[in-house]
$ cat input-v7.cif   # mmCIF, C-alpha atoms
data_data
#
loop_
_atom_site.label_atom_id
_atom_site.label_comp_id
_atom_site.auth_asym_id
_atom_site.auth_seq_id
_atom_site.Cartn_x
_atom_site.Cartn_y
_atom_site.Cartn_z
CA MET A 1 0.00 0.00 0.00
CA PRO A 2 1.54 3.36 -1.04
CA ASN A 3 2.26 5.93 1.65
CA ALA A 4 -0.10 8.90 1.92
CA PRO A 5 1.49 12.07 0.51
CA THR A 6 2.96 14.48 3.01
CA SER A 7 1.48 17.94 3.30
CA GLU A 8 4.46 19.33 1.31
CA GLN A 9 3.92 16.82 -1.51
CA ARG A 10 0.20 17.53 -1.52
CA ASP A 11 0.85 21.28 -1.60
CA LEU A 12 3.28 20.90 -4.48
CA ALA A 13 0.76 18.80 -6.42
CA TRP A 14 -1.99 21.38 -5.85
CA SER A 15 0.35 24.18 -6.84
CA GLN A 16 1.12 22.41 -10.12
CA LEU A 17 -2.58 21.76 -10.76
CA MET A 18 -3.39 25.41 -10.08
CA SER A 19 -0.61 26.54 -12.38
CA ALA A 20 -2.06 24.33 -15.12
CA ALA A 21 -5.55 25.69 -14.36
CA GLN A 22 -4.27 29.26 -14.73
CA ALA A 23 -3.15 28.24 -18.23
CA GLY A 24 -6.68 26.97 -18.96
CA ASP A 25 -6.32 23.21 -18.26
CA ARG A 26 -9.87 22.19 -17.30
CA ALA A 27 -9.00 18.62 -16.31
CA ALA A 28 -6.35 19.86 -13.88
CA TYR A 29 -8.77 22.43 -12.50
CA SER A 30 -11.54 19.91 -11.98
CA ARG A 31 -9.13 17.59 -10.17
CA LEU A 32 -7.81 20.43 -8.05
CA LEU A 33 -11.28 21.63 -7.02
CA ARG A 34 -12.34 18.09 -6.07
CA GLU A 35 -9.13 17.49 -4.11
CA VAL A 36 -9.23 20.76 -2.17
CA THR A 37 -12.93 20.57 -1.26
CA PRO A 38 -12.43 18.23 1.75
CA PHE A 39 -9.48 20.38 2.87
CA VAL A 40 -11.60 23.54 2.69
CA ARG A 41 -14.49 21.81 4.45
CA ALA A 42 -12.18 20.78 7.29
CA LEU A 43 -10.88 24.36 7.62
CA LEU A 44 -14.40 25.76 7.73
CA ARG A 45 -15.53 23.42 10.49
CA ARG A 46 -13.61 25.76 12.80
CA TYR A 47 -16.15 28.47 12.08
CA CYS A 48 -19.39 26.53 12.16
CA SER A 49 -20.88 23.15 13.01
CA ASN A 50 -24.03 23.30 10.88
CA PRO A 51 -23.37 21.10 7.80
CA HIS A 52 -25.63 23.21 5.58
CA ASP A 53 -23.82 26.42 6.53
CA ILE A 54 -20.42 24.76 6.12
CA GLU A 55 -21.35 23.62 2.61
CA GLU A 56 -22.47 27.14 1.77
CA MET A 57 -19.09 28.47 2.97
CA VAL A 58 -17.27 25.77 0.98
CA GLN A 59 -19.12 26.81 -2.17
CA ASP A 60 -18.38 30.49 -1.50
CA THR A 61 -14.71 29.62 -1.03
CA LEU A 62 -14.56 27.73 -4.34
CA LEU A 63 -16.30 30.57 -6.15
CA THR A 64 -13.89 33.11 -4.65
CA MET A 65 -10.93 30.91 -5.48
CA HIS A 66 -12.14 30.84 -9.09
CA ARG A 67 -12.61 34.60 -9.11
CA VAL A 68 -9.14 35.45 -7.76
CA ARG A 69 -7.18 32.59 -9.35
CA GLN A 70 -4.93 35.07 -11.15
CA THR A 71 -3.49 36.16 -7.76
CA TYR A 72 -1.97 32.77 -7.00
CA ASP A 73 1.78 32.87 -7.53
CA PRO A 74 2.98 29.32 -8.39
CA LYS A 75 6.28 30.09 -6.68
CA ARG A 76 4.48 30.34 -3.34
CA PRO A 77 2.78 27.54 -1.36
CA PHE A 78 -0.82 26.88 -2.36
CA SER A 79 -2.42 25.90 0.97
CA PRO A 80 -1.89 29.25 2.76
CA TRP A 81 -3.37 31.04 -0.27
CA LEU A 82 -6.45 28.82 -0.27
CA GLY A 83 -6.61 28.83 3.54
CA ALA A 84 -6.74 32.64 3.59
CA ILE A 85 -9.67 32.61 1.16
CA ALA A 86 -11.49 29.96 3.21
CA ALA A 87 -10.89 31.91 6.43
CA ARG A 88 -12.31 35.05 4.85
CA ARG A 89 -15.38 33.24 3.58
CA GLY A 90 -15.76 31.55 6.98
CA ILE A 91 -15.87 34.95 8.68
CA ASP A 92 -18.32 36.23 6.06
CA GLY A 93 -20.46 33.14 6.67
CA LEU A 94 -20.52 33.80 10.41
CA ARG A 95 -21.56 37.40 9.78
CA ARG A 96 -24.29 36.22 7.43
CA ARG A 97 -25.58 33.81 10.05
CA ALA A 98 -25.56 36.56 12.68
CA ARG A 99 -27.52 38.86 10.35
CA ARG A 100 -30.05 36.15 9.62
CA ALA A 101 -30.42 35.41 13.33
CA ARG A 102 -31.15 39.09 13.99
CA HIS A 103 -33.87 39.28 11.34
CA GLU A 104 -35.52 35.90 11.78
CA VAL A 105 -38.10 34.99 14.41
CA SER A 106 -38.38 31.46 15.64
CA ALA A 107 -41.63 29.93 14.42
CA GLU A 108 -42.03 27.98 17.63
CA THR A 109 -42.48 31.06 19.77
CA GLU A 110 -45.46 32.28 17.79
CA SER A 111 -46.76 29.01 16.44
CA TYR A 112 -49.80 28.90 18.67
CA GLU A 113 -51.16 32.27 17.65
CA THR A 114 -50.25 31.97 13.98
CA PHE A 115 -50.78 28.38 13.04
CA ALA A 116 -53.20 26.92 15.60
CA ASP A 117 -56.18 27.39 13.38
CA PRO A 118 -55.32 27.32 9.67
CA ALA A 119 -58.67 28.82 8.81
CA ALA A 120 -57.75 31.92 10.81
CA ASN A 121 -54.92 32.57 8.39
CA ILE A 122 -57.10 32.64 5.32
CA ASP A 123 -57.37 36.33 4.97
CA ILE A 124 -58.54 38.05 1.85
CA GLU A 125 -56.19 40.97 2.58
CA ALA A 126 -53.22 38.65 2.62
CA VAL A 127 -54.21 37.20 -0.73
CA ARG A 128 -54.56 40.67 -2.17
CA ALA A 129 -51.20 41.71 -0.73
CA ALA A 130 -49.54 38.66 -2.26
CA ALA A 131 -51.04 39.45 -5.65
CA GLU A 132 -49.88 43.05 -5.29
CA VAL A 133 -46.32 42.00 -4.44
CA GLU A 134 -46.34 39.60 -7.39
CA GLU A 135 -47.45 42.40 -9.67
CA LEU A 136 -44.73 44.73 -8.34
CA LEU A 137 -42.13 41.99 -8.80
CA GLN A 138 -43.06 41.75 -12.46
CA ARG A 139 -42.25 45.44 -12.85
CA LEU A 140 -38.62 44.97 -11.75
CA PRO A 141 -35.83 44.59 -14.36
CA PRO A 142 -35.34 40.87 -15.15
CA ARG A 143 -31.88 40.54 -13.54
CA GLN A 144 -33.01 42.25 -10.34
CA ARG A 145 -36.16 40.10 -10.20
CA ALA A 146 -34.14 36.93 -10.75
CA ALA A 147 -31.68 37.90 -8.00
CA LEU A 148 -34.44 38.75 -5.52
CA GLU A 149 -36.40 35.58 -6.22
CA ALA A 150 -33.36 33.34 -5.89
CA VAL A 151 -31.74 34.94 -2.82
CA LYS A 152 -34.72 36.20 -0.80
CA LEU A 153 -37.81 34.29 -1.91
CA ARG A 154 -36.31 30.87 -2.63
CA GLU A 155 -33.66 31.42 0.08
CA MET A 156 -30.83 29.98 -2.00
CA SER A 157 -27.24 30.49 -0.94
CA LEU A 158 -25.36 33.06 -3.00
CA ALA A 159 -23.39 30.26 -4.62
CA GLU A 160 -26.55 28.41 -5.65
CA ALA A 161 -28.25 31.58 -6.80
CA SER A 162 -25.16 32.49 -8.82
CA ALA A 163 -25.18 29.12 -10.55
CA VAL A 164 -28.92 29.24 -11.26
CA SER A 165 -29.16 32.86 -12.39
CA GLY A 166 -25.82 33.04 -14.20
CA GLN A 167 -24.95 36.21 -12.27
CA SER A 168 -21.76 36.58 -10.24
CA VAL A 169 -22.01 36.68 -6.44
CA GLY A 170 -21.16 40.38 -6.47
CA ALA A 171 -23.77 41.08 -9.13
CA LEU A 172 -26.35 39.12 -7.16
CA LYS A 173 -25.70 41.17 -4.04
CA VAL A 174 -25.98 44.42 -5.97
CA ASN A 175 -29.09 43.34 -7.88
CA THR A 176 -30.81 42.06 -4.73
CA HIS A 177 -30.10 45.35 -2.99
CA ARG A 178 -31.36 47.34 -5.97
CA ALA A 179 -34.41 45.14 -6.32
CA LEU A 180 -35.39 45.68 -2.68
CA LYS A 181 -34.86 49.42 -3.07
CA ALA A 182 -36.91 49.51 -6.27
CA LEU A 183 -39.61 47.36 -4.68
CA ARG A 184 -39.85 49.72 -1.72
CA ALA A 185 -40.17 52.69 -4.08
CA LEU A 186 -42.82 50.92 -6.16
CA PHE A 187 -44.73 49.96 -3.02
CA ARG A 188 -44.54 53.54 -1.73
CA ASP A 189 -45.83 54.87 -5.06
CA THR A 190 -48.68 52.34 -5.02
CA THR A 191 -49.79 53.18 -1.49
CA GLU A 192 -49.58 56.92 -2.10
CA GLN A 193 -51.79 56.72 -5.21
CA MET B 1 -27.17 23.27 -5.70
CA LYS B 2 -24.56 20.71 -4.74
CA THR B 3 -20.86 21.47 -4.48
CA ASP B 4 -20.09 18.94 -7.23
CA GLN B 5 -22.37 20.81 -9.62
CA ILE B 6 -20.61 24.09 -8.79
CA ILE B 7 -17.24 22.45 -9.46
CA ASP B 8 -18.53 21.24 -12.83
CA GLN B 9 -19.76 24.71 -13.67
CA LEU B 10 -16.54 26.44 -12.58
CA THR B 11 -14.54 23.94 -14.62
CA SER B 12 -16.62 24.52 -17.72
CA ASP B 13 -16.31 28.31 -17.23
CA LEU B 14 -12.51 28.15 -16.91
CA GLU B 15 -10.56 30.57 -19.06
CA PRO B 16 -6.78 31.04 -19.02
CA VAL B 17 -5.66 33.94 -16.83
CA ARG B 18 -2.48 35.99 -16.72
CA VAL B 19 -0.85 35.52 -13.33
CA LEU B 20 -0.41 38.80 -11.49
CA ARG B 21 3.13 39.86 -10.75
CA SER B 22 4.17 39.84 -7.11
CA PRO B 23 2.67 42.59 -4.93
CA ALA B 24 6.14 44.00 -4.19
CA LEU B 25 6.93 44.30 -7.89
CA ARG B 26 3.59 45.94 -8.66
CA ALA B 27 4.10 48.36 -5.77
CA LEU B 28 7.57 49.14 -7.10
CA CYS B 29 6.14 49.86 -10.58
CA TRP B 30 3.57 52.21 -9.10
CA LEU B 31 6.10 53.99 -6.90
CA ALA B 32 8.55 54.33 -9.82
CA LEU B 33 5.83 55.89 -11.97
CA VAL B 34 4.67 58.30 -9.27
CA GLY B 35 8.28 59.04 -8.33
CA ALA B 36 9.09 60.00 -11.92
CA VAL B 37 6.03 62.27 -12.19
CA THR B 38 6.74 63.84 -8.80
CA THR B 39 10.37 64.49 -9.73
CA ALA B 40 9.31 66.13 -12.99
CA VAL B 41 6.74 68.31 -11.21
CA VAL B 42 9.18 69.30 -8.46
CA LEU B 43 12.00 70.09 -10.90
CA GLY B 44 9.69 72.09 -13.09
CA TYR B 45 7.48 73.95 -10.68
CA ALA B 46 8.80 73.71 -7.09
CA ASN B 47 8.69 76.85 -5.02
CA SER B 48 12.24 78.06 -4.25
CA ALA B 49 11.23 79.25 -0.77
CA ALA B 50 9.77 75.81 -0.08
CA LEU B 51 13.00 74.13 -1.24
CA GLN B 52 14.96 76.46 1.02
CA ARG B 53 12.69 75.50 3.91
CA LEU B 54 13.44 71.81 3.33
CA THR B 55 17.08 72.35 4.32
CA ALA B 56 15.99 72.71 7.97
CA PRO B 57 16.47 69.34 9.75
CA ARG B 58 12.97 69.19 11.24
CA VAL B 59 11.31 69.95 7.91
CA ALA B 60 13.56 67.43 6.17
CA VAL B 61 12.53 64.77 8.71
CA GLU B 62 8.87 65.70 8.16
CA CYS B 63 9.31 65.44 4.39
CA VAL B 64 11.12 62.09 4.54
CA ALA B 65 8.54 60.69 6.98
CA THR B 66 5.74 61.79 4.63
CA ALA B 67 7.43 60.02 1.73
CA LEU B 68 8.01 56.89 3.81
CA THR B 69 4.36 56.91 4.91
CA ALA B 70 3.31 57.02 1.27
CA ILE B 71 5.72 54.25 0.26
CA ALA B 72 4.82 52.02 3.22
CA ALA B 73 1.07 52.49 2.71
CA ILE B 74 1.30 51.72 -1.01
CA VAL B 75 3.41 48.60 -0.40
CA ALA B 76 0.95 47.51 2.31
CA ALA B 77 -2.05 48.03 -0.01
CA PHE B 78 -0.50 45.82 -2.71
CA GLU B 79 0.52 43.15 -0.22
CA LEU B 80 -2.96 43.13 1.37
CA SER B 81 -4.66 42.91 -2.01
CA VAL B 82 -3.73 39.24 -2.51
CA PRO B 83 -5.39 36.52 -0.43
CA ASP B 84 -2.21 35.25 1.23
CA GLY B 85 -0.92 38.72 2.15
CA SER B 86 -0.46 38.89 5.92
CA PRO B 87 -2.99 41.20 7.64
CA ARG B 88 -0.06 42.60 9.62
CA TRP B 89 0.99 44.61 6.55
CA VAL B 90 -1.65 47.10 7.61
CA TRP B 91 0.67 48.29 10.41
CA LEU B 92 3.59 49.09 8.08
CA PRO B 93 2.69 52.76 7.48
CA VAL B 94 2.05 53.48 11.16
CA PRO B 95 5.66 54.23 12.33
CA PRO B 96 6.46 56.75 9.55
CA LEU B 97 2.97 58.24 9.96
CA LEU B 98 3.66 58.85 13.65
CA VAL B 99 7.03 60.44 12.81
CA TRP B 100 5.34 62.62 10.18
CA LEU B 101 2.72 63.81 12.67
CA ALA B 102 5.29 64.27 15.43
CA ALA B 103 7.62 66.31 13.19
CA SER B 104 4.71 68.47 12.01
CA GLY B 105 3.50 68.88 15.60
CA LEU B 106 6.99 69.92 16.65
CA GLY B 107 6.91 72.57 13.95
CA CYS B 108 3.68 73.93 15.42
CA LEU B 109 5.23 74.02 18.90
CA ARG B 110 8.27 75.87 17.60
CA ASN B 111 5.96 78.39 16.01
CA GLY B 112 4.46 78.92 19.45
CA LEU B 113 1.16 77.29 18.49
CA SER B 114 0.52 80.27 16.26
CA LEU B 115 -2.88 80.23 14.66
CA ARG B 116 -1.69 82.55 11.93
CA GLY B 117 -0.92 81.06 8.56
CA GLY B 118 1.58 82.38 6.07
CA HIS B 119 -0.69 85.08 4.75
CA GLY B 120 -3.38 86.16 7.17
CA ALA B 121 -5.51 84.31 9.69
CA MET B 122 -6.05 81.21 7.57
CA GLY B 123 -2.97 81.75 5.44
CA ASN B 124 -2.81 79.40 2.47
CA SER B 125 -4.13 76.50 4.54
CA PRO B 126 -7.36 76.09 2.52
CA ASP B 127 -5.19 75.88 -0.61
CA CYS B 128 -3.15 73.13 1.05
CA PHE B 129 -6.38 71.28 1.89
CA MET B 130 -7.57 71.58 -1.68
CA PHE B 131 -4.16 70.56 -3.02
CA ILE B 132 -4.07 67.33 -1.00
CA CYS B 133 -7.65 66.43 -1.97
CA ALA B 134 -7.24 67.33 -5.65
CA ALA B 135 -3.84 65.65 -6.08
CA SER B 136 -5.10 62.51 -4.32
CA LEU B 137 -7.92 62.05 -6.82
CA PRO B 138 -5.91 61.12 -9.96
CA LEU B 139 -3.45 59.17 -7.82
CA ALA B 140 -6.32 57.18 -6.29
CA VAL B 141 -7.81 56.44 -9.71
CA GLY B 142 -4.48 55.07 -10.96
CA LEU B 143 -3.66 53.14 -7.81
CA PHE B 144 -7.07 51.51 -7.48
CA TRP B 145 -7.07 50.62 -11.16
CA MET B 146 -3.92 48.59 -10.42
CA LEU B 147 -5.20 47.19 -7.13
CA ARG B 148 -8.52 45.98 -8.53
CA HIS B 149 -6.73 43.48 -10.78
CA ALA B 150 -6.23 41.41 -7.63
CA ARG B 151 -9.96 41.57 -6.75
CA PRO B 152 -9.13 41.80 -3.01
CA ILE B 153 -11.16 39.45 -0.84
CA ALA B 154 -10.92 41.92 2.08
CA PRO B 155 -11.29 45.35 0.45
CA LEU B 156 -11.37 47.48 3.64
CA PRO B 157 -7.65 47.34 4.66
CA VAL B 158 -6.59 47.57 1.00
CA ALA B 159 -8.70 50.68 0.46
CA ALA B 160 -7.62 52.28 3.74
CA THR B 161 -3.89 51.78 3.19
CA GLY B 162 -4.16 52.68 -0.50
CA ALA B 163 -6.01 55.88 0.37
CA LEU B 164 -3.44 56.76 3.01
CA GLY B 165 -0.75 56.13 0.40
CA VAL B 166 -2.22 58.53 -2.15
CA ALA B 167 -3.00 61.19 0.48
CA ALA B 168 0.54 60.97 1.87
CA THR B 169 1.93 61.18 -1.68
CA ALA B 170 -0.10 64.35 -2.24
CA ALA B 171 1.11 65.75 1.09
CA PHE B 172 4.70 64.90 0.11
CA ILE B 173 4.36 66.79 -3.19
CA LEU B 174 2.81 69.69 -1.26
CA GLU B 175 6.02 70.03 0.77
CA PHE B 176 7.71 71.40 -2.37
CA PHE B 177 5.09 74.12 -2.77
CA HIS B 178 4.74 75.05 0.91
CA PRO B 179 7.01 78.05 1.51
CA PHE B 180 6.06 78.66 5.16
CA ASP B 181 6.32 76.51 8.28
CA VAL B 182 3.27 74.63 9.48
CA THR B 183 0.92 76.29 11.93
CA VAL B 184 -1.79 74.62 13.98
CA ILE B 185 -4.34 75.51 11.29
CA ASP B 186 -2.04 74.16 8.61
CA LEU B 187 -1.50 70.91 10.42
CA THR B 188 -5.19 70.56 11.22
CA LEU B 189 -6.14 71.09 7.60
CA HIS B 190 -3.41 68.77 6.30
CA VAL B 191 -4.56 66.02 8.67
CA SER B 192 -8.22 66.75 7.83
CA ALA B 193 -7.50 66.47 4.11
CA VAL B 194 -5.69 63.16 4.58
CA CYS B 195 -8.54 61.85 6.77
CA LEU B 196 -11.13 63.02 4.25
CA VAL B 197 -9.34 61.22 1.41
CA VAL B 198 -9.00 58.06 3.49
CA VAL B 199 -12.65 58.08 4.58
CA LEU B 200 -13.96 58.94 1.12
CA VAL B 201 -11.89 56.39 -0.76
CA THR B 202 -12.48 53.70 1.86
CA SER B 203 -16.22 54.24 1.68
CA LEU B 204 -16.02 53.76 -2.10
CA ARG B 205 -14.00 50.55 -1.78
CA ARG B 206 -16.65 48.27 -3.32
CA PRO B 207 -17.01 50.03 -6.66
CA LEU B 208 -13.30 50.87 -6.70
CA LEU B 209 -11.99 47.40 -5.94
CA ASP B 210 -14.70 44.87 -6.70
CA ASP B 211 -15.22 44.83 -10.43
CA SER B 212 -18.06 42.31 -10.12
CA ALA B 213 -20.17 45.23 -8.86
CA ARG B 214 -20.01 46.67 -12.37
CA THR B 215 -22.00 43.77 -13.72
CA GLY B 216 -24.78 44.38 -11.29
CA SER B 217 -27.08 46.47 -13.42
#

$ encode --input "input-v7.cif" --output "structure tokens"
Amino acid sequence: MPNAPTSEQRDLAWSQLMSAAQAGDRAAYSRLLREVTPFVRALLRRYCSNPHDIEEMVQDTLLTMHRVRQTYDPKRPFSPWLGAIAARRGIDGLRRRARRARHEVSAETESYETFADPAANIDIEAVRAAAEVEELLQRLPPRQRAALEAVKLREMSLAEASAVSGQSVGALKVNTHRALKALRALFRDTTEQ
Amino acid sequence: MKTDQIIDQLTSDLEPVRVLRSPALRALCWLALVGAVTTAVVLGYANSAALQRLTAPRVAVECVATALTAIAAIVAAFELSVPDGSPRWVWLPVPPLLVWLAASGLGCLRNGLSLRGGHGAMGNSPDCFMFICAASLPLAVGLFWMLRHARPIAPLPVAATGALGVAATAAFILEFFHPFDVTVIDLTLHVSAVCLVVVLVTSLRRPLLDDSARTGS
């Protein structure tokens, strides 16, 4: 049975794969991404224990690695470069979780009042409001609407939303922000009329 | 979406990229360019009274510390712009910055904390303020155009050190057009101009450094 590669050998192999990927070698890149994923996942377990959140951070790390791949200098070790990206995305993930926690309300605390009697929730005003929101959504530019639907309504991670919508993570953030702003303005105009 | 699917997509999207030169080399290129322009401007337009003033040891120390602050901040910005740049680079401009402030403060003390500028109550201080802000603008555009190639993953320290670098460069150039010693008002306005540039540029770090924001419309 062959010996497992040392961390230096592994780093050298990854560095060579990354160098080939920078030259456009897709096979090398695919192999590199698959080999580093468990390494990144292990690094990110320091920041979080929720498997779903860890996977989201892993995906963000891979997307960032792709985005900044021109900054990797093949003369330098690969693992610290990737580790720094993972650490950054881990911190961003923690911040995202904290933001979500601030804005979300546990369903359990209000479940009695809200869900005890399903019939009590059938409210014609709610139906009208939903139709109104749907109509306002249709008035948004397509890219903003796609970003808002993926990130806020379907609650996809930025990585998933990026893959589905074909927009970069940065573009998604900007378009979601603009969509919310536009939606607020449209809603204000509607209520003032 | 599963991670494997993202890997497949990233692989299919792969295009060859040109590897960025080392941060130190890019910083050196920037400093060489700005140094050449500064030398040309100083040789062509420097105020003779200001050059005479630079022969005083305290003013010379102030001038050298300003230049070192600019150099250190620019080097730090380039080093911080790549993912594996140590976050400790952010401290590099601090020692020369402290010397710069101390030397300027000493000048104020020697002037007996005079509030009077070179020409009247405010002297030319507002001009100095405008000079630092106006000269920082083209420098910032050029510097951030270079820095954004790295697409920094932590834009805040990059923007802050880069902004300090351009503001200190502008303040260094100002030394050659500043024929009178610094007063409290002078120093306050110099520091205010540098702070304004740093705050303004840092607050614009996303559009300046993250080119993915451009695709957001």

$ closest_atom_pairs --input "input-v7.cif" --of "chain B" --to "chain A" --cutoff "10 Å" --atoms "all atoms listed in the file" --output "tab-separated table"
residue	atom	partner	partner_atom	distance
B:Met1	CA	A:Glu160	CA	5.2
B:Lys2	CA	A:Glu160	CA	8.0
B:Thr3	CA	A:Gln59	CA	6.1
B:Asp4	CA	A:Arg34	CA	7.9
B:Gln5	CA	A:Ala163	CA	8.8
B:Ile6	CA	A:Ala163	CA	7.0
B:Ile7	CA	A:Leu33	CA	6.5
B:Asp8	CA	A:Ser30	CA	7.2
B:Gln9	CA	A:Ala163	CA	7.7
B:Leu10	CA	A:His66	CA	7.1
B:Thr11	CA	A:Arg26	CA	5.7
B:Ser12	CA	A:Arg26	CA	7.2
B:Asp13	CA	A:Arg26	CA	8.9
B:Leu14	CA	A:Gly24	CA	6.3
B:Glu15	CA	A:Gly24	CA	5.3
B:Pro16	CA	A:Gly24	CA	4.1
B:Val17	CA	A:Gln22	CA	5.3
B:Arg18	CA	A:Gln70	CA	6.2
B:Val19	CA	A:Gln70	CA	4.6
B:Leu20	CA	A:Thr71	CA	5.5
B:Arg21	CA	A:Asp73	CA	7.8
B:Ser22	CA	A:Asp73	CA	7.4
B:Pro23	CA	A:Thr71	CA	9.3
B:Ser81	CA	A:Thr71	CA	8.9
B:Val82	CA	A:Thr71	CA	6.1
B:Pro83	CA	A:Ala84	CA	5.7
B:Asp84	CA	A:Trp81	CA	4.6
B:Gly85	CA	A:Trp81	CA	8.4
B:Ser86	CA	A:Ala84	CA	9.2
B:His149	CA	A:Thr71	CA	8.6
B:Ala150	CA	A:Thr71	CA	5.9
B:Arg151	CA	A:Val68	CA	6.3
B:Pro152	CA	A:Val68	CA	7.9
B:Ile153	CA	A:Ile85	CA	7.3
B:Ala154	CA	A:Arg88	CA	7.5
B:Arg206	CA	A:Gly170	CA	9.6
B:Asp210	CA	A:Gly170	CA	7.9
B:Asp211	CA	A:Gly170	CA	8.4
B:Ser212	CA	A:Gly170	CA	5.2
B:Ala213	CA	A:Gly170	CA	5.5
B:Arg214	CA	A:Ala171	CA	7.5
B:Thr215	CA	A:Ala171	CA	5.6
B:Gly216	CA	A:Ala171	CA	4.1
B:Ser217	CA	A:Asn175	CA	6.7

$ resolve_selection --input "input-v7.cif" --expression "the PyMOL selection byres ((chain B and resi 177) around 10)" --output "PDB file with C-alpha atoms, in the frame of the given file"
ATOM      1  CA  VAL B  42       9.180  69.300  -8.460  1.00  0.00           C
ATOM      2  CA  TYR B  45       7.480  73.950 -10.680  1.00  0.00           C
ATOM      3  CA  ALA B  46       8.800  73.710  -7.090  1.00  0.00           C
ATOM      4  CA  ASN B  47       8.690  76.850  -5.020  1.00  0.00           C
ATOM      5  CA  SER B  48      12.240  78.060  -4.250  1.00  0.00           C
ATOM      6  CA  ALA B  49      11.230  79.250  -0.770  1.00  0.00           C
ATOM      7  CA  ALA B  50       9.770  75.810  -0.080  1.00  0.00           C
ATOM      8  CA  LEU B  51      13.000  74.130  -1.240  1.00  0.00           C
ATOM      9  CA  CYS B 128      -3.150  73.130   1.050  1.00  0.00           C
ATOM     10  CA  PHE B 131      -4.160  70.560  -3.020  1.00  0.00           C
ATOM     11  CA  PHE B 172       4.700  64.900   0.110  1.00  0.00           C
ATOM     12  CA  ILE B 173       4.360  66.790  -3.190  1.00  0.00           C
ATOM     13  CA  LEU B 174       2.810  69.690  -1.260  1.00  0.00           C
ATOM     14  CA  GLU B 175       6.020  70.030   0.770  1.00  0.00           C
ATOM     15  CA  PHE B 176       7.710  71.400  -2.370  1.00  0.00           C
ATOM     16  CA  HIS B 178       4.740  75.050   0.910  1.00  0.00           C
ATOM     17  CA  PRO B 179       7.010  78.050   1.510  1.00  0.00           C
ATOM     18  CA  PHE B 180       6.060  78.660   5.160  1.00  0.00           C
TER      19      PHE B 180
END

$ closest_residue --input "input-v7.cif" --among "A:Leu158, A:Leu12, A:Leu94, A:Leu186" --to "Gln138 (chain A)" --atoms "all atoms listed in the file"
A:Leu186

$ resolve_selection --input "input-v7.cif" --expression "the PyMOL selection byres ((chain B and resi 199-203) around 8)" --output "PyMOL selection string"
chain B and resi 140+156+159-160+163+195-198+204-206

$ closest_residue --input "input-v7.cif" --among "B:Val184, B:Ala40, B:Val166, B:Ala32" --to "Cys108 (chain B)" --atoms "all atoms listed in the file"
B:Val184
